[in-house]
file my_file_21.txt (compact mmCIF, C-alpha atoms and all ligand atoms)
# COMPACT_ATOMS: atom_id res chain seq x y z
CA MET A 1 -35.42 0.24 -15.73
CA ASN A 2 -36.45 1.05 -12.21
CA ARG A 3 -33.30 1.19 -10.11
CA ILE A 4 -33.86 2.59 -6.62
CA PRO A 5 -31.46 5.51 -6.08
CA LEU A 6 -28.85 5.12 -3.36
CA ILE A 7 -27.55 8.18 -1.55
CA ALA A 8 -24.64 7.14 0.65
CA GLY A 9 -22.46 9.05 3.09
CA ASN A 10 -18.84 8.01 3.55
CA TRP A 11 -17.71 9.63 6.77
CA LYS A 12 -14.10 8.52 6.30
CA MET A 13 -11.97 9.08 9.43
CA PHE A 14 -14.26 11.74 10.85
CA LYS A 15 -16.43 11.63 13.99
CA THR A 16 -16.05 9.76 17.26
CA GLY A 17 -18.77 7.38 18.41
CA SER A 18 -20.77 10.07 20.19
CA GLN A 19 -20.44 12.50 17.29
CA SER A 20 -21.54 9.78 14.86
CA VAL A 21 -24.59 8.99 16.98
CA GLU A 22 -25.56 12.64 17.11
CA THR A 23 -25.41 13.06 13.34
CA ALA A 24 -27.13 9.72 12.71
CA LEU A 25 -30.00 10.62 15.06
CA SER A 26 -30.55 13.97 13.33
CA LEU A 27 -30.45 12.31 9.96
CA ALA A 28 -32.92 9.61 11.04
CA GLU A 29 -35.37 12.30 12.07
CA LEU A 30 -34.87 14.43 8.98
CA SER A 31 -35.22 11.47 6.62
CA CYS A 32 -38.32 9.82 8.10
CA ASP A 33 -40.53 11.13 5.27
CA VAL A 34 -38.16 10.16 2.43
CA LYS A 35 -39.59 7.62 0.02
CA ASP A 36 -38.21 5.48 -2.78
CA ILE A 37 -34.57 6.17 -2.01
CA ASP A 38 -32.05 4.03 -0.20
CA ILE A 39 -30.00 5.98 2.33
CA MET A 40 -26.74 4.65 3.74
CA ILE A 41 -24.16 6.07 6.13
CA ALA A 42 -20.72 4.61 6.69
CA PRO A 43 -19.25 5.85 9.99
CA PRO A 44 -15.82 4.72 11.24
CA PHE A 45 -15.63 1.20 12.73
CA PRO A 46 -15.80 2.18 16.44
CA ALA A 47 -19.11 3.97 15.84
CA LEU A 48 -20.90 1.17 13.96
CA ALA A 49 -22.52 -0.64 16.88
CA LEU A 50 -23.50 2.61 18.59
CA VAL A 51 -25.03 4.05 15.44
CA ASN A 52 -26.79 0.77 14.65
CA GLU A 53 -28.67 0.97 17.96
CA LYS A 54 -30.01 4.39 17.00
CA ILE A 55 -30.93 3.87 13.37
CA ARG A 56 -32.29 0.34 13.47
CA ALA A 57 -35.86 1.59 13.34
CA SER A 58 -35.13 4.30 10.75
CA ARG A 59 -34.89 4.30 6.97
CA ILE A 60 -31.11 4.50 7.08
CA HIS A 61 -28.90 1.55 6.20
CA LEU A 62 -25.58 1.07 7.94
CA GLY A 63 -22.41 0.76 5.89
CA ALA A 64 -18.76 0.02 6.69
CA GLN A 65 -15.82 1.66 4.95
CA ASN A 66 -13.72 -1.47 4.52
CA LEU A 67 -13.31 -5.11 5.55
CA PHE A 68 -10.65 -7.78 5.39
CA TYR A 69 -11.24 -10.79 3.18
CA GLU A 70 -10.25 -13.57 5.58
CA LYS A 71 -12.95 -15.06 7.80
CA ALA A 72 -10.86 -15.00 11.01
CA GLY A 73 -7.25 -15.36 12.07
CA ALA A 74 -4.11 -13.62 13.26
CA TYR A 75 -4.61 -10.40 11.28
CA THR A 76 -4.02 -7.66 13.81
CA GLY A 77 -6.12 -4.60 13.21
CA GLU A 78 -8.44 -6.12 10.63
CA VAL A 79 -12.21 -6.65 10.64
CA SER A 80 -14.11 -9.49 8.94
CA ALA A 81 -17.35 -9.47 6.99
CA GLU A 82 -19.07 -11.60 9.63
CA MET A 83 -18.10 -9.14 12.38
CA LEU A 84 -19.64 -6.32 10.37
CA LYS A 85 -22.76 -8.29 9.59
CA GLU A 86 -23.38 -8.99 13.27
CA THR A 87 -22.97 -5.28 14.03
CA GLY A 88 -25.92 -4.44 11.79
CA VAL A 89 -23.96 -3.48 8.70
CA SER A 90 -25.62 -4.17 5.34
CA TYR A 91 -23.35 -2.32 2.87
CA VAL A 92 -19.56 -2.22 2.69
CA ILE A 93 -17.44 0.21 0.69
CA ILE A 94 -14.61 -1.67 -1.02
CA GLY A 95 -11.57 -0.35 -2.87
CA HIS A 96 -12.02 3.34 -2.16
CA SER A 97 -9.28 5.31 -3.88
CA GLU A 98 -7.92 6.41 -0.50
CA ARG A 99 -7.44 2.76 0.39
CA ARG A 100 -5.83 2.08 -2.96
CA GLN A 101 -3.57 5.14 -2.56
CA TYR A 102 -2.56 4.92 1.12
CA PHE A 103 -3.07 1.26 2.06
CA GLY A 104 -1.88 -0.60 -1.01
CA GLU A 105 -5.21 -2.01 -2.14
CA THR A 106 -5.20 -3.53 -5.60
CA ASN A 107 -7.85 -4.81 -7.95
CA GLU A 108 -6.95 -8.29 -6.70
CA SER A 109 -7.52 -7.46 -3.02
CA VAL A 110 -10.72 -5.67 -4.01
CA CYS A 111 -11.89 -8.87 -5.71
CA ARG A 112 -11.21 -10.96 -2.59
CA LYS A 113 -12.99 -8.41 -0.43
CA ILE A 114 -16.05 -8.43 -2.67
CA ARG A 115 -16.08 -12.23 -2.37
CA ALA A 116 -16.00 -11.95 1.44
CA ALA A 117 -18.81 -9.39 1.39
CA VAL A 118 -20.98 -11.51 -0.89
CA ASP A 119 -20.37 -14.64 1.21
CA SER A 120 -21.69 -12.76 4.26
CA ALA A 121 -24.62 -11.20 2.39
CA LEU A 122 -23.23 -7.67 2.62
CA ALA A 123 -23.86 -5.39 -0.37
CA PRO A 124 -20.46 -4.41 -1.80
CA VAL A 125 -20.01 -0.82 -2.97
CA MET A 126 -17.06 -1.23 -5.33
CA CYS A 127 -15.20 2.02 -5.93
CA ILE A 128 -13.49 2.62 -9.24
CA GLY A 129 -12.11 5.71 -10.95
CA GLU A 130 -9.09 7.22 -12.62
CA THR A 131 -6.47 9.57 -11.18
CA GLU A 132 -5.79 13.01 -12.58
CA ASP A 133 -2.69 11.75 -14.43
CA GLU A 134 -4.58 8.84 -15.92
CA LYS A 135 -7.27 11.23 -17.10
CA LYS A 136 -4.68 13.54 -18.67
CA GLU A 137 -3.14 10.56 -20.44
CA GLU A 138 -6.61 9.60 -21.71
CA LYS A 139 -6.48 6.28 -19.88
CA THR A 140 -9.80 6.61 -18.06
CA PHE A 141 -11.61 3.82 -19.89
CA TYR A 142 -8.59 1.53 -19.81
CA VAL A 143 -8.27 1.99 -16.03
CA LEU A 144 -11.99 1.37 -15.50
CA ASP A 145 -11.83 -1.76 -17.68
CA LYS A 146 -9.03 -3.22 -15.56
CA GLN A 147 -10.74 -2.28 -12.29
CA ILE A 148 -13.95 -3.99 -13.41
CA GLU A 149 -12.36 -7.05 -15.06
CA ASN A 150 -10.02 -7.80 -12.17
CA GLY A 151 -12.24 -6.59 -9.34
CA LEU A 152 -15.15 -8.77 -10.46
CA LYS A 153 -13.11 -11.70 -11.77
CA GLY A 154 -14.63 -15.13 -11.15
CA PHE A 155 -18.09 -13.95 -10.14
CA ARG A 156 -21.36 -15.03 -11.69
CA SER A 157 -23.86 -12.20 -12.10
CA ASP A 158 -26.40 -13.91 -9.81
CA GLU A 159 -23.88 -13.67 -6.94
CA LEU A 160 -23.69 -9.91 -7.40
CA SER A 161 -27.34 -8.91 -7.22
CA ASP A 162 -26.56 -6.43 -4.39
CA LEU A 163 -23.44 -4.97 -6.04
CA VAL A 164 -23.22 -1.20 -6.29
CA ILE A 165 -20.52 0.38 -8.43
CA ALA A 166 -19.29 3.79 -7.30
CA TYR A 167 -17.51 5.81 -9.97
CA GLU A 168 -15.24 8.18 -8.09
CA PRO A 169 -12.71 10.00 -10.25
CA VAL A 170 -9.81 10.61 -7.89
CA TRP A 171 -9.32 14.18 -9.14
CA ALA A 172 -12.86 15.06 -8.06
CA ILE A 173 -12.64 13.74 -4.50
CA GLY A 174 -12.45 16.40 -1.81
CA THR A 175 -11.42 19.03 -4.34
CA GLY A 176 -14.71 20.85 -4.83
CA ASN A 177 -14.10 20.10 -8.50
CA SER A 178 -16.89 17.66 -9.36
CA ALA A 179 -17.02 16.01 -12.75
CA THR A 180 -19.73 17.64 -14.84
CA PRO A 181 -23.08 15.82 -15.04
CA ASP A 182 -22.44 15.11 -18.74
CA GLN A 183 -19.00 13.64 -18.01
CA VAL A 184 -20.49 11.48 -15.27
CA GLN A 185 -23.29 10.24 -17.52
CA GLN A 186 -20.81 9.38 -20.28
CA VAL A 187 -18.60 7.36 -17.94
CA HIS A 188 -21.53 5.64 -16.24
CA ARG A 189 -22.87 4.59 -19.65
CA TYR A 190 -19.45 3.23 -20.47
CA ILE A 191 -19.37 1.28 -17.19
CA ARG A 192 -22.85 -0.14 -17.80
CA THR A 193 -21.88 -1.24 -21.29
CA LYS A 194 -18.72 -2.84 -19.92
CA ILE A 195 -20.77 -4.71 -17.29
CA GLN A 196 -23.11 -5.86 -20.03
CA LYS A 197 -20.21 -7.28 -22.06
CA PHE A 198 -18.56 -8.82 -19.00
CA PHE A 199 -21.80 -10.33 -17.62
CA ASN A 200 -25.10 -9.79 -19.39
CA ARG A 201 -27.62 -7.14 -20.32
CA LYS A 202 -30.14 -7.83 -17.57
CA PHE A 203 -27.52 -7.60 -14.86
CA ALA A 204 -26.11 -4.40 -16.38
CA GLU A 205 -29.57 -2.84 -16.41
CA GLU A 206 -30.19 -3.79 -12.78
CA THR A 207 -26.85 -2.74 -11.29
CA ARG A 208 -26.74 0.62 -9.56
CA ILE A 209 -23.90 2.90 -10.64
CA ILE A 210 -23.46 5.84 -8.30
CA TYR A 211 -21.14 8.84 -8.51
CA GLY A 212 -18.76 10.27 -5.92
CA GLY A 213 -16.52 13.32 -5.96
CA SER A 214 -17.51 16.72 -4.56
CA VAL A 215 -21.24 15.99 -4.58
CA LYS A 216 -23.08 18.87 -2.91
CA PRO A 217 -26.68 20.03 -2.45
CA ASP A 218 -26.28 22.32 -5.45
CA ASN A 219 -25.07 19.75 -7.99
CA ILE A 220 -26.94 16.58 -6.96
CA SER A 221 -30.18 17.22 -8.90
CA GLU A 222 -28.39 17.80 -12.18
CA LEU A 223 -26.28 14.67 -11.68
CA MET A 224 -29.29 12.55 -10.79
CA ALA A 225 -31.22 13.78 -13.84
CA HIS A 226 -29.06 11.56 -16.04
CA ASP A 227 -30.27 8.08 -16.95
CA ASP A 228 -27.25 6.13 -15.79
CA VAL A 229 -26.66 7.98 -12.52
CA ASP A 230 -28.31 5.93 -9.79
CA GLY A 231 -27.12 7.75 -6.73
CA ALA A 232 -24.17 9.34 -5.00
CA LEU A 233 -21.37 8.46 -2.62
CA VAL A 234 -20.85 11.63 -0.64
CA GLY A 235 -17.84 12.47 1.51
CA GLY A 236 -17.51 15.95 3.03
CA ALA A 237 -21.09 17.01 2.39
CA SER A 238 -22.46 13.99 4.28
CA LEU A 239 -20.87 14.93 7.61
CA ASP A 240 -23.53 17.44 8.55
CA ALA A 241 -27.11 16.10 8.74
CA ASP A 242 -28.72 19.37 7.61
CA ASN A 243 -26.47 19.44 4.57
CA PHE A 244 -26.72 15.75 3.75
CA ILE A 245 -30.53 15.74 3.90
CA LYS A 246 -30.56 18.37 1.15
CA ILE A 247 -28.68 15.91 -1.04
CA ILE A 248 -31.02 13.07 -0.07
CA LYS A 249 -34.04 15.26 -0.87
CA TYR A 250 -32.73 16.38 -4.26
CA ASN A 251 -35.13 17.58 -6.94
CA ARG A 252 -36.22 14.59 -8.91
CA MET A 253 -36.29 15.26 -12.59
CA LYS A 254 -36.41 11.67 -13.84
P1 LIG A 301 -16.06 14.21 -1.30
O1 LIG A 301 -17.57 14.20 -1.43
O2 LIG A 301 -15.59 14.85 -0.03
O3 LIG A 301 -15.41 14.74 -2.53
O4 LIG A 301 -15.60 12.67 -1.17
C1 LIG A 301 -16.08 11.74 -2.07
C2 LIG A 301 -15.72 10.39 -1.60
O5 LIG A 301 -14.55 10.02 -1.55
C3 LIG A 301 -16.80 9.50 -1.15
O6 LIG A 301 -16.36 8.19 -0.98
call {"tool": "encode", "arguments": {"input": "my_file_21.txt", "output": "structure tokens"}}
result
Amino acid sequence: MNRIPLIAGNWKMFKTGSQSVETALSLAELSCDVKDIDIMIAPPFPALALVNEKIRASRIHLGAQNLFYEKAGAYTGEVSAEMLKETGVSYVIIGHSERRQYFGETNESVCRKIRAAVDSALAPVMCIGETEDEKKEEKTFYVLDKQIENGLKGFRSDELSDLVIAYEPVWAIGTGNSATPDQVQQVHRYIRTKIQKFFNRKFAEETRIIYGGSVKPDNISELMAHDDVDGALVGGASLDADNFIKIIKYNRMK
């Protein structure tokens, strides 16, 4: 199955507008010769329009880090899918563990947000993954099952052709303690099998499953060598263009 790898940078709450533009411009230049890989960066909201101006002609796709599921209304501080779409956004990260942990997101709100993204033709990057405690209690697969079943409840597979699933074990995020490539492959295989049971085989084979959690230039190639690893969602190591381009230009072994 020929799934195009996706290397995505989640800048979280780092970089002002001008700092985002600077990094995006460097990255656009450094990535102009990259082929057969989708590149995405997700700067903070205030930088989106500014960055879009600069990368429109480049190979880089623009992503947002969140959205709200309502179309419009009295929801102070929130941003709709349509607003993102008009700003040049094509991907949106949904249900990141930091949003689940600090902002009360649940599988149910994730589901509504994916619906809003799909309705506005934004590609949802649905984040799933277990915490350290859940891993210790051997609940990883149970947690992933619930996140998938409830996060994707009510969808037909043909509505989700742009869906990306990001497996981000919470214990590996920002810790420098990445899951091993074998662990990642095992979980990604599990997720693909779950998607197959929940939807169908063709959809499972076509859906990109990417990994996030302490991805760095020195572990990306080994991760990507595995069959079910279709890319990476990179936090800290995506903030610097010279560093991030090393991840984008990983050694391809498959
Ligand atoms: P780090 O790469 O900093 O561990 O963050 C991963 C992440 O949360 C990406 O969404």
call {"tool": "residues_around", "arguments": {"input": "my_file_21.txt", "residues": "Asn52 (chain A)", "least_positions_apart": "4", "cutoff": "10 Å", "atoms": "all atoms listed in the file", "output": "PyMOL selection string"}}
result
chain A and resi 21+24+47-48+56-58+60-63+87-89
call {"tool": "closest_residue", "arguments": {"input": "my_file_21.txt", "among": "A:Phe45, A:Ile195, A:Lys139, A:Ser31", "to": "Asn10 (chain A)", "atoms": "all atoms listed in the file"}}
result
A:Phe45
call {"tool": "residues_around", "arguments": {"input": "my_file_21.txt", "residues": "Ser20 (chain A)", "least_positions_apart": "4", "cutoff": "10 Å", "atoms": "only C-alpha atoms", "output": "list in words"}}
result
Trp11, Phe14, Lys15, Thr16, Ala24, Leu25, Ile41, Ala42, Pro43, Pro44, Pro46, Ala47, Leu48, Leu50, Val51 and Leu239 of chain A
call {"tool": "closest_residue", "arguments": {"input": "my_file_21.txt", "among": "A:Asn2, A:Ser221, A:Thr175, A:Gln186", "to": "Glu206 (chain A)", "atoms": "all atoms listed in the file"}}
result
A:Asn2
call {"tool": "residues_near_ligand", "arguments": {"input": "my_file_21.txt", "ligand": "ligand LIG 301 (chain A)", "cutoff": "7 Å", "atoms": "all atoms listed in the file", "output": "number ranges by chain"}}
result
A: 10, 96, 168, 172-176, 212-215, 233-237
call {"tool": "residues_around", "arguments": {"input": "my_file_21.txt", "residues": "Gly151 (chain A)", "least_positions_apart": "3", "cutoff": "6 Å", "atoms": "only C-alpha atoms", "output": "ChimeraX atom specification"}}
result
/A:107,110-111,147-148
call {"tool": "write_last_selection", "arguments": {"input": "my_file_21.txt", "atoms": "C-alpha atoms", "output": "CSV table (one decimal), in the frame of the given file"}}
result
chain,number,residue,atom,x,y,z
A,107,ASN,CA,-7.8,-4.8,-8.0
A,110,VAL,CA,-10.7,-5.7,-4.0
A,111,CYS,CA,-11.9,-8.9,-5.7
A,147,GLN,CA,-10.7,-2.3,-12.3
A,148,ILE,CA,-14.0,-4.0,-13.4
